[in-house]
Each structure stands twice: as structure tokens, then as C-alpha cells.
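Asks: What follows is start_31.txt, made up of compact mmCIF, C-alpha atoms and all ligand atoms:
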```txt
# COMPACT_ATOMS: atom_id res chain seq x y z
CA MET K 1 13.77 7.99 6.82
CA ILE K 2 13.06 7.89 10.56
CA GLU K 3 15.33 9.02 13.34
CA ILE K 4 14.36 8.74 17.00
CA ARG K 5 16.65 10.49 19.44
CA ASP K 6 16.57 9.92 23.20
CA LEU K 7 12.80 9.63 23.24
CA HIS K 8 11.05 9.66 26.60
CA PHE K 9 7.30 9.57 27.06
CA LYS K 10 4.95 9.32 30.03
CA TYR K 11 1.15 9.18 29.69
CA HIS K 12 -0.50 11.71 31.98
CA SER K 13 -2.42 8.97 33.76
CA GLN K 14 0.68 6.85 34.49
CA THR K 15 3.34 7.39 37.11
CA ASP K 16 6.23 5.79 35.18
CA GLU K 17 7.65 6.61 31.78
CA VAL K 18 6.53 4.19 29.07
CA LEU K 19 9.42 5.10 26.75
CA LYS K 20 12.71 5.52 28.56
CA GLY K 21 15.27 6.85 26.12
CA VAL K 22 14.64 5.20 22.76
CA ASN K 23 17.19 5.75 19.99
CA LEU K 24 16.50 4.25 16.60
CA LYS K 25 17.33 4.90 12.95
CA ILE K 26 15.32 3.43 10.13
CA LYS K 27 16.58 3.72 6.56
CA LYS K 28 14.46 4.36 3.50
CA GLY K 29 13.14 1.06 2.17
CA GLU K 30 14.06 -0.87 5.30
CA PHE K 31 11.71 -3.49 6.80
CA VAL K 32 11.98 -3.18 10.57
CA SER K 33 10.15 -5.45 13.00
CA ILE K 34 9.60 -4.57 16.64
CA ILE K 35 9.17 -7.28 19.21
CA GLY K 36 8.99 -7.37 23.01
CA PRO K 37 6.86 -8.35 26.00
CA SER K 38 3.34 -7.04 26.46
CA GLY K 39 3.32 -3.52 27.88
CA CYS K 40 6.94 -2.73 26.94
CA GLY K 41 5.86 0.26 24.84
CA LYS K 42 5.67 -1.03 21.24
CA SER K 43 2.27 0.51 20.44
CA THR K 44 3.25 3.73 22.18
CA LEU K 45 6.38 3.91 20.03
CA CYS K 46 4.26 3.42 16.87
CA LEU K 47 2.05 6.34 17.88
CA THR K 48 5.09 8.60 18.01
CA LEU K 49 5.88 7.87 14.34
CA ASN K 50 3.00 9.92 12.93
CA GLY K 51 2.90 12.55 15.63
CA ILE K 52 -0.26 11.24 17.37
CA ILE K 53 2.05 11.29 20.37
CA PRO K 54 2.62 14.07 21.41
CA LYS K 55 0.07 16.03 19.30
CA THR K 56 -3.20 14.16 19.91
CA ILE K 57 -2.30 12.08 22.95
CA SER K 58 -0.39 14.40 25.19
CA GLY K 59 1.86 13.52 28.08
CA GLN K 60 5.40 14.21 29.20
CA PHE K 61 7.41 14.03 25.98
CA SER K 62 11.09 14.69 25.42
CA GLY K 63 13.56 13.84 22.68
CA ASP K 64 12.95 13.93 18.94
CA VAL K 65 11.19 11.89 16.32
CA ILE K 66 12.19 12.98 12.84
CA VAL K 67 10.28 11.48 9.93
CA ASP K 68 11.65 12.22 6.48
CA GLY K 69 13.28 15.38 7.81
CA MET K 70 10.18 16.59 9.69
CA ASN K 71 10.30 16.78 13.48
CA THR K 72 6.94 15.51 14.76
CA LYS K 73 6.90 18.26 17.40
CA GLU K 74 6.80 20.93 14.72
CA TYR K 75 4.02 19.66 12.43
CA GLU K 76 0.36 18.71 12.72
CA VAL K 77 -0.74 15.06 12.64
CA SER K 78 -2.60 15.71 9.35
CA GLU K 79 0.71 16.52 7.66
CA PHE K 80 2.00 13.07 8.52
CA SER K 81 -1.07 11.26 7.19
CA LYS K 82 0.41 11.59 3.69
CA LYS K 83 3.76 10.23 4.81
CA VAL K 84 2.94 7.52 7.32
CA GLY K 85 0.17 4.95 6.92
CA MET K 86 -0.86 3.36 10.20
CA ILE K 87 -2.53 -0.06 10.34
CA LEU K 88 -3.87 -1.36 13.63
CA GLN K 89 -4.78 -4.72 15.10
CA ASN K 90 -8.48 -4.71 14.44
CA PRO K 91 -9.41 -4.29 10.76
CA GLU K 92 -13.09 -3.63 11.65
CA SER K 93 -12.22 -0.46 13.54
CA GLN K 94 -10.52 1.01 10.47
CA LEU K 95 -13.28 0.47 7.90
CA PHE K 96 -16.42 2.57 7.74
CA ALA K 97 -17.54 3.05 4.09
CA MET K 98 -20.31 1.19 2.25
CA THR K 99 -18.04 -0.09 -0.52
CA VAL K 100 -14.38 -0.95 -0.88
CA GLU K 101 -14.05 1.78 -3.51
CA GLU K 102 -15.44 4.48 -1.20
CA GLU K 103 -13.17 3.24 1.54
CA LEU K 104 -10.14 3.68 -0.71
CA ALA K 105 -11.26 7.03 -2.10
CA PHE K 106 -11.85 8.63 1.30
CA GLY K 107 -8.27 9.66 2.16
CA PRO K 108 -7.28 11.18 -1.20
CA GLU K 109 -10.71 12.87 -1.56
CA ASN K 110 -10.01 14.68 1.69
CA LEU K 111 -6.76 15.93 0.23
CA ALA K 112 -8.64 17.12 -2.87
CA VAL K 113 -6.70 14.80 -5.16
CA PRO K 114 -8.19 14.99 -8.70
CA ARG K 115 -10.78 12.27 -9.50
CA GLU K 116 -8.70 10.66 -12.25
CA GLU K 117 -5.70 10.34 -10.04
CA ILE K 118 -7.85 8.85 -7.26
CA GLU K 119 -9.04 6.24 -9.78
CA ASP K 120 -5.46 5.37 -10.65
CA ARG K 121 -4.48 5.10 -7.00
CA ILE K 122 -7.46 2.85 -6.21
CA SER K 123 -6.65 0.48 -9.07
CA TRP K 124 -3.00 0.37 -8.08
CA ALA K 125 -3.75 -0.21 -4.38
CA LEU K 126 -6.28 -2.96 -5.13
CA SER K 127 -3.84 -4.71 -7.43
CA ILE K 128 -1.15 -4.70 -4.73
CA VAL K 129 -3.43 -6.32 -2.16
CA ASN K 130 -4.77 -8.58 -4.90
CA MET K 131 -8.41 -7.56 -4.45
CA GLU K 132 -9.35 -5.93 -7.77
CA ASN K 133 -12.52 -8.00 -7.90
CA LYS K 134 -13.85 -6.66 -4.57
CA ARG K 135 -14.14 -3.02 -5.59
CA ASP K 136 -17.93 -2.79 -5.19
CA GLU K 137 -18.17 -5.11 -2.22
CA PHE K 138 -19.46 -4.07 1.23
CA PRO K 139 -16.33 -4.26 3.44
CA GLY K 140 -18.37 -5.86 6.23
CA ASN K 141 -18.86 -8.95 4.04
CA LEU K 142 -15.14 -9.63 3.66
CA SER K 143 -13.02 -12.09 5.64
CA GLY K 144 -10.65 -10.78 8.34
CA GLY K 145 -7.61 -11.09 6.07
CA GLN K 146 -9.44 -9.34 3.24
CA LYS K 147 -10.56 -6.54 5.57
CA GLN K 148 -7.01 -5.99 6.74
CA ARG K 149 -5.79 -5.95 3.11
CA ILE K 150 -8.43 -3.30 2.35
CA ALA K 151 -7.24 -1.28 5.35
CA ILE K 152 -3.71 -1.50 3.91
CA ALA K 153 -4.98 -0.54 0.44
CA ALA K 154 -6.87 2.43 1.93
CA SER K 155 -3.62 3.56 3.47
CA LEU K 156 -1.78 3.08 0.17
CA THR K 157 -4.11 5.46 -1.69
CA MET K 158 -2.53 8.23 0.39
CA MET K 159 0.80 7.26 -1.21
CA PRO K 160 2.64 7.08 2.12
CA GLU K 161 6.38 6.48 2.16
CA ILE K 162 6.20 4.57 5.42
CA LEU K 163 3.76 1.94 6.60
CA VAL K 164 3.51 1.28 10.34
CA LEU K 165 1.61 -1.85 11.31
CA ASP K 166 0.81 -2.67 14.93
CA GLU K 167 0.10 -6.41 15.21
CA PRO K 168 -1.91 -6.34 11.97
CA THR K 169 -2.53 -10.08 11.89
CA SER K 170 -3.17 -10.90 15.53
CA GLN K 171 -6.92 -11.21 14.98
CA LEU K 172 -6.65 -13.13 11.72
CA ASP K 173 -6.76 -16.85 10.98
CA PRO K 174 -3.67 -18.54 9.46
CA ILE K 175 -4.80 -17.84 5.89
CA GLY K 176 -5.51 -14.19 6.71
CA LYS K 177 -2.09 -13.87 8.34
CA ARG K 178 -0.38 -15.32 5.29
CA GLU K 179 -2.32 -13.01 2.94
CA VAL K 180 -1.29 -9.91 4.90
CA PHE K 181 2.37 -10.91 5.23
CA SER K 182 2.58 -11.62 1.52
CA VAL K 183 1.24 -8.10 0.82
CA LEU K 184 3.90 -6.66 3.15
CA GLN K 185 6.60 -8.64 1.40
CA GLN K 186 5.48 -7.29 -1.95
CA LEU K 187 5.34 -3.69 -0.68
CA HIS K 188 8.85 -4.07 0.63
CA LYS K 189 10.42 -5.87 -2.32
CA GLU K 190 8.60 -4.29 -5.23
CA GLU K 191 7.38 -0.91 -4.04
CA LYS K 192 10.50 -0.35 -1.86
CA MET K 193 8.37 0.97 0.97
CA THR K 194 9.73 1.57 4.44
CA ILE K 195 7.86 -0.78 6.78
CA VAL K 196 7.68 -0.85 10.57
CA LEU K 197 5.93 -3.94 11.87
CA VAL K 198 5.06 -4.83 15.46
CA GLU K 199 4.64 -8.58 15.59
CA HIS K 200 5.09 -11.17 18.30
CA ARG K 201 5.59 -14.26 16.16
CA THR K 202 9.21 -14.60 15.13
CA GLU K 203 8.76 -16.81 12.02
CA PRO K 204 7.35 -14.07 9.78
CA ILE K 205 9.85 -11.61 11.27
CA ALA K 206 12.75 -13.88 10.32
CA GLU K 207 11.40 -14.18 6.81
CA LEU K 208 10.52 -10.55 6.13
CA SER K 209 12.72 -8.19 8.13
CA ASP K 210 15.96 -6.43 7.37
CA LYS K 211 16.21 -5.43 11.00
CA VAL K 212 14.69 -6.65 14.27
CA VAL K 213 14.32 -4.34 17.25
CA VAL K 214 13.77 -5.92 20.66
CA MET K 215 12.16 -3.73 23.30
CA ASP K 216 11.82 -4.31 27.02
CA ASN K 217 10.44 -1.96 29.61
CA GLY K 218 10.41 1.15 27.43
CA ALA K 219 13.86 0.74 25.91
CA ILE K 220 15.55 -1.03 23.02
CA VAL K 221 17.63 -3.87 24.42
CA LEU K 222 18.79 -5.48 21.20
CA GLN K 223 18.74 -4.67 17.50
CA GLY K 224 20.23 -6.04 14.33
CA SER K 225 19.56 -8.39 11.45
CA PRO K 226 17.26 -11.35 12.24
CA ARG K 227 20.35 -13.58 12.28
CA VAL K 228 22.19 -11.44 14.81
CA VAL K 229 19.13 -11.02 17.04
CA PHE K 230 17.76 -14.57 16.92
CA GLU K 231 21.15 -15.94 17.88
CA LYS K 232 20.74 -14.33 21.31
CA VAL K 233 18.45 -17.11 22.47
CA PRO K 234 19.08 -16.78 26.25
CA ILE K 235 18.33 -13.02 26.28
CA LEU K 236 15.18 -13.54 24.20
CA ARG K 237 13.99 -16.44 26.37
CA GLU K 238 14.35 -14.23 29.41
CA LEU K 239 11.92 -11.82 27.72
CA GLY K 240 9.53 -14.62 26.80
CA ILE K 241 10.38 -14.40 23.10
CA MET K 242 10.60 -17.68 21.22
CA VAL K 243 12.86 -17.68 18.18
CA PRO K 244 11.68 -19.69 15.15
CA ASP K 245 11.91 -23.47 15.81
CA ILE K 246 14.50 -23.92 13.08
CA SER K 247 16.65 -21.15 14.57
CA TYR K 248 16.39 -22.71 18.02
CA LEU K 249 17.35 -26.14 16.74
CA THR K 250 20.34 -24.78 14.82
CA TYR K 251 21.27 -22.61 17.82
CA LEU K 252 21.52 -25.77 19.96
CA LEU K 253 23.55 -27.49 17.25
CA LYS K 254 25.84 -24.47 17.04
CA GLU K 255 26.31 -24.46 20.81
CA GLY K 256 27.24 -28.14 20.56
CA GLY K 257 29.77 -27.34 17.84
CA TYR K 258 27.92 -29.22 15.11
CA VAL K 259 27.19 -26.29 12.80
CA LYS K 260 28.83 -22.90 12.28
CA ASP K 261 25.76 -20.68 12.07
CA ILE K 262 22.12 -20.53 13.03
CA ALA K 263 19.48 -20.84 10.31
CA LEU K 264 16.44 -18.64 9.80
CA THR K 265 14.67 -20.95 7.39
CA VAL K 266 14.53 -24.70 6.74
CA GLU K 267 16.31 -24.10 3.44
CA GLU K 268 19.20 -22.40 5.25
CA ALA K 269 19.34 -25.22 7.78
CA ARG K 270 19.59 -27.73 4.98
CA ARG K 271 22.56 -25.87 3.52
CA LEU K 272 24.35 -25.96 6.88
CA PHE K 273 24.67 -29.71 6.51
CA ILE K 274 25.79 -29.93 2.90
N1 LIG Z 301 -3.56 5.74 26.24
C1 LIG Z 301 -2.89 5.32 27.32
N2 LIG Z 301 -2.99 5.96 28.51
C2 LIG Z 301 -2.31 5.56 29.59
N3 LIG Z 301 -1.49 4.49 29.61
C3 LIG Z 301 -1.33 3.80 28.46
C4 LIG Z 301 -2.02 4.17 27.27
N4 LIG Z 301 -1.69 3.30 26.29
C5 LIG Z 301 -0.83 2.44 26.85
N5 LIG Z 301 -0.61 2.72 28.14
C6 LIG Z 301 0.31 2.02 29.08
O1 LIG Z 301 1.63 2.14 28.57
C7 LIG Z 301 2.36 0.92 28.72
C8 LIG Z 301 2.85 0.48 27.39
O2 LIG Z 301 1.74 0.17 26.57
P1 LIG Z 301 1.86 -0.21 25.03
O3 LIG Z 301 0.46 -0.40 24.55
O4 LIG Z 301 2.70 0.79 24.34
O5 LIG Z 301 2.63 -1.60 25.11
P2 LIG Z 301 2.79 -2.76 24.01
O6 LIG Z 301 4.23 -3.13 24.00
O7 LIG Z 301 2.20 -2.31 22.73
O8 LIG Z 301 1.94 -3.95 24.63
P3 LIG Z 301 1.11 -5.13 23.89
O9 LIG Z 301 2.14 -6.13 23.41
O10 LIG Z 301 0.26 -5.69 24.97
O11 LIG Z 301 0.34 -4.51 22.78
C9 LIG Z 301 1.41 -0.04 29.40
O12 LIG Z 301 1.67 -0.01 30.76
C10 LIG Z 301 0.04 0.51 29.10
O13 LIG Z 301 -0.86 0.20 30.13
MG MG Z 302 0.60 -3.01 21.55
```
Would you kindly transcribe this structure into C-alpha cells?

Replies:
Amino acid sequence: MIEIRDLHFKYHSQTDEVLKGVNLKIKKGEFVSIIGPSGCGKSTLCLTLNGIIPKTISGQFSGDVIVDGMNTKEYEVSEFSKKVGMILQNPESQLFAMTVEEELAFGPENLAVPREEIEDRISWALSIVNMENKRDEFPGNLSGGQKQRIAIAASLTMMPEILVLDEPTSQLDPIGKREVFSVLQQLHKEEKMTIVLVEHRTEPIAELSDKVVVMDNGAIVLQGSPRVVFEKVPILRELGIMVPDISYLTYLLKEGGYVKDIALTVEEARRLFI
């Protein structure tokens, strides 16, 4: 679904490259999480997935980003808005309409989607984020988690095949975080969407992802299943990344020869001892 080949990028205002030869393949329906120290280029990489880089934000760009067969160099950003939904950190900055319904109708209206179909899409999107009863609400009155779910629903009405989320829960309280992650889980499991999530907490990553990508200083330094990646505790520690507590505990036990594998969840840890 996404193929990134030897991608280099330098912002005009910077002296060093921010992306220094990124290669990455993401399969259709895969849930991929990206993790890495602040400033390593995660958000920049996200902006290359819908062509904003290099089309809107220009700089020194080389390599290829191919999304569903389309090279981002060869198409306009608007052509990717139907394919790639992008959700950012701050839900407030993504909402502007007077009602939830208007918010959700905005994207498809701009594509001249027929009214009836827009209705169907709105109902579907609201049911996925579990907010059918907020259709006529003023988005400003919603909680942070609800706002972010509406931002996701607004993206869904464009029927994208890929959802890219850049730290979507970092400004939310624990309940808001849980609400958003449960929506992502549903989109992955039931709607089979391809999801790219930038997130710094490893617990939700362990629970949700098929693949974890670790970035440092503009490059991918490690990638694989959560089990394969979270086993590399010393490398991750060096980068300031804390694996889930249960994985760390079982990692220490594994090092000591007490268990054969690390665990990603408490349930898995329990099974290691039976
Ligand atoms: N629009 C921009 N113009 C110039 N430099 C930028 C721009 N956006 C980001 N940078 C620089 O590029 C580097 C990578 O930034 P980026 O936001 O991609 O990192 P990040 O991994 O998302 O960090 P964080 O975890 O803090 O969100 C940083 O040095 C940052 O200052
Ligand atoms: Mg960022």
C-alpha cells in the first residue's frame, strides 16, 4: 500500500537532512506504529505520505514515496486527500464547523459526492467512532477525546484507505486516549484499514500494532513485530524508549534464563509461567 524508497529530505531553513535514506514498506491492512526520540523526523515522514512534502512544503527531496501505486511526486496533494486521512496532535486545530454533521459533510461536499451518499457516510463514520448521538452538537462543546474522534470521523467520510495519525492522543486525558485507541483498533480489525500511527507510549503500540518502526536521527534503525522490537531493550533504552513494563520484566527474566520469551501483555506473561 505504501512504499518508501531511499527517501531523503531537507527543509530549506535547515542545514542538515531530516530524513536520511528511509526505506519502508507498508502492506494493505497493516497497523504500523512509528516511534523514536523527539526531532528524529517522525512528523516529517508522515507529511511525505500524502504529498504535503514535497508539494506544499518544499525542500531538498529525493527518493520515492509510492502510495497505492501513485508516486507522490507526480500527483497533487488534493488527489491524496481521498486516499490518506491525516490526523494531527491537536484536535481543536482540525475542527472548524458549527455542528458535527457539517464537520463530517465538508470533505465529501467538496468532492461533489451526492447528498444521499454523504448521509450514509456520516452515519457510518459516526457509528465507528461511537458518536451517533452528537450529530447536531457544536464540536467546541465536546471533550478532547470526543473532538479527536470527530476529527477521525471527518477523515473517514472521505473513505480513505490509509489513516495516518501523528501523536493523536498526546493532548488527551487517559479516558480520551483509550477512546481513540479503541476506535483505531476497530478500524484496523473490522474495517481492515491501513493505519500509520506515531506514538511515544509503547503500551498501546504493543497492543495494537502489526509492525513497529523505530526511527533515530532521520533513519529507521529497527523494525519488526512488537515482540521482535521490544526485545531489543538495550537499543531502545539508548534512544530513551521505554518498553511496556510487562515486556521489561519478562525481558529481565528471559536474560536470567527463567522464561523463554518476552511478553507484550499481562495475559501473555501469565502463560509464560504455566
Ligand atoms: N516546517 C519545518 N521547517 C523547518 N524545520 C522543521 C520543520 N518541521 C520540522 N523541522 C525540523 O525537522 C526535524 C525533525 O522534526 P519532526 O517534527 O519531523 O520530528 P519528530 O520526530 O516528529 O519530533 P517530535 O517527537 O518532537 O514530534 C527537527 O529538527 C525539526 O526542528
Ligand atoms: Mg512530531

Asks: Near K:Asp16, within 12 Å and counting only C-alpha atoms, which residues show up once chain neighbours fewer than 5 positions away are dropped, as a ChimeraX atom specification?

Replies: /K:8-11,40-41,59-60,217-218

Asks: Could you report the residues within 8 Å of ligand MG 302 (chain Z), using only C-alpha atoms and all ligand atoms, as number ranges by chain?

Replies: K: 38-39, 41-44, 166-167, 198

Asks: Between atom CA of K:Leu222 and atom CA of K:Val183, what is the distance, to one decimal in Å?

Replies: 27.0 Å

Asks: With a distance cut-off of 12 Å and all atoms listed in the file, select the neighbouring residues of K:Glu79, excluding the residue or stretch itself and same-chain residues fewer than 3 positions from it, and output the selection as a list in words.

Replies: Asn50, Gly51, Ile52, Lys55, Val67, Asp68, Met70, Asn71, Thr72, Lys73, Glu74, Tyr75, Glu76, Lys82, Lys83, Val84, Gly85, Leu111, Met158 and Pro160 of chain K

Asks: Please determine, counting all atoms listed in the file, which residue among K:Lys28, K:Arg237, K:His200, K:Arg270 has the shortest atom-to-atom distance to ligand LIG 301 (chain Z).

Replies: K:His200

Asks: Identify, on the basis of all atoms listed in the file, every residue whose closest approach to K:Asp216 does not exceed 7 Å; exclude the query and any residue fewer than 3 positions from it along the same chain; express the result as a list in words.

Replies: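 Near neighbours after the sequence-gap exclusion: Gly36, Pro37, Cys40, Ala219, Ile220 and Val221 of chain K.
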
Asks: Do you have, as JSON lines, the list of residues of stretch 118-208 of chain K lying at most 8 Å from stretch 86-91 of chain K, each with its nearest atom pair and that distance in Å to one decimal, counting all atoms listed in the file and ordered by chain then number?

Replies:
```
{"residue": "K:Gly144", "atom": "CA", "partner": "K:Pro91", "partner_atom": "CA", "distance": 7.0}
{"residue": "K:Lys147", "atom": "CA", "partner": "K:Pro91", "partner_atom": "CA", "distance": 5.8}
{"residue": "K:Gln148", "atom": "CA", "partner": "K:Pro91", "partner_atom": "CA", "distance": 5.0}
{"residue": "K:Ala151", "atom": "CA", "partner": "K:Pro91", "partner_atom": "CA", "distance": 6.6}
{"residue": "K:Ile152", "atom": "CA", "partner": "K:Ile87", "partner_atom": "CA", "distance": 6.7}
{"residue": "K:Ser155", "atom": "CA", "partner": "K:Met86", "partner_atom": "CA", "distance": 7.3}
{"residue": "K:Leu163", "atom": "CA", "partner": "K:Met86", "partner_atom": "CA", "distance": 6.0}
{"residue": "K:Val164", "atom": "CA", "partner": "K:Met86", "partner_atom": "CA", "distance": 4.8}
{"residue": "K:Leu165", "atom": "CA", "partner": "K:Ile87", "partner_atom": "CA", "distance": 4.6}
{"residue": "K:Asp166", "atom": "CA", "partner": "K:Leu88", "partner_atom": "CA", "distance": 5.0}
{"residue": "K:Glu167", "atom": "CA", "partner": "K:Gln89", "partner_atom": "CA", "distance": 5.2}
{"residue": "K:Pro168", "atom": "CA", "partner": "K:Gln89", "partner_atom": "CA", "distance": 4.5}
{"residue": "K:Thr169", "atom": "CA", "partner": "K:Gln89", "partner_atom": "CA", "distance": 6.6}
{"residue": "K:Ser170", "atom": "CA", "partner": "K:Gln89", "partner_atom": "CA", "distance": 6.4}
{"residue": "K:Gln171", "atom": "CA", "partner": "K:Asn90", "partner_atom": "CA", "distance": 6.7}
```

Asks: Extract, using all atoms listed in the file, all DNA, RNA and protein residues at most 12 Å from K:Pro226, discarding same-chain residues fewer than 5 positions from it, and format them as a VMD selection string.

Replies: chain K and resid 31 to 35 202 to 214 231 to 233 243 to 244 247 262 to 265

Asks: Can you tell me, as a PyMOL selection string, what residues are no more than 10 Å from K:Glu117 when counting only C-alpha atoms, ignoring any on the same chain fewer than 4 positions away?

Replies: chain K and resi 108+113+121-123+157

Asks: Can you tell me how far atom CA of K:Trp124 sits from atom CA of K:Asn110, in Å to one decimal?

Replies: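 Answer for the atom CA of K:Trp124 to atom CA of K:Asn110 separation: 18.7 Å.
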
Asks: For ligand LIG 301 (chain Z), which residue out of K:Met215, K:Leu252, K:Met159, K:Val228 is the nearest one, using all atoms listed in the file?

Replies: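 Using all atoms listed in the file, ligand LIG 301 (chain Z) sits closest to K:Met215.
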
Asks: To one decimal in Å, tell me the separation between atom CA of K:Arg271 and atom CA of K:Val259.

Replies: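 Interatomic distance here is 10.4 Å.
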
Asks: Ligand LIG 301 (chain Z), all listed atoms, 5 Å padding on each side: what axis-aligned box centre and edge lengths in Å to one decimal come out, as lines of an AutoDock Vina configuration file?

Replies:
```
center_x = 0.3
center_y = -0.1
center_z = 26.7
size_x = 17.8
size_y = 22.1
size_z = 18.0
```

Asks: Of the candidates K:Asn23, K:Ser78, K:Gln94, K:Thr48, which shows the shortest atom-to-atom distance to ligand LIG 301 (chain Z), using only C-alpha atoms and all ligand atoms?

Replies: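 Answer, going by the shortest atom-to-atom distance: K:Thr48.
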
Asks: Considering all atoms listed in the file, can you say which of K:Val180, K:Val196, K:Val229, K:Ile53 comes closest to ligand LIG 301 (chain Z)?

Replies: K:Ile53

Asks: So which one's closest to ligand LIG 301 (chain Z), K:Glu3, K:Glu116, K:Glu17, K:Glu109? Using all atoms listed in the file, please.

Replies: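 The closest residue to ligand LIG 301 (chain Z) is K:Glu17.
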
Asks: Between K:Phe181, K:Phe80, K:Tyr258, K:Phe61, single out the one closest to K:Leu272, counting only C-alpha atoms.

Replies: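 Using only C-alpha atoms, K:Leu272 sits closest to K:Tyr258.
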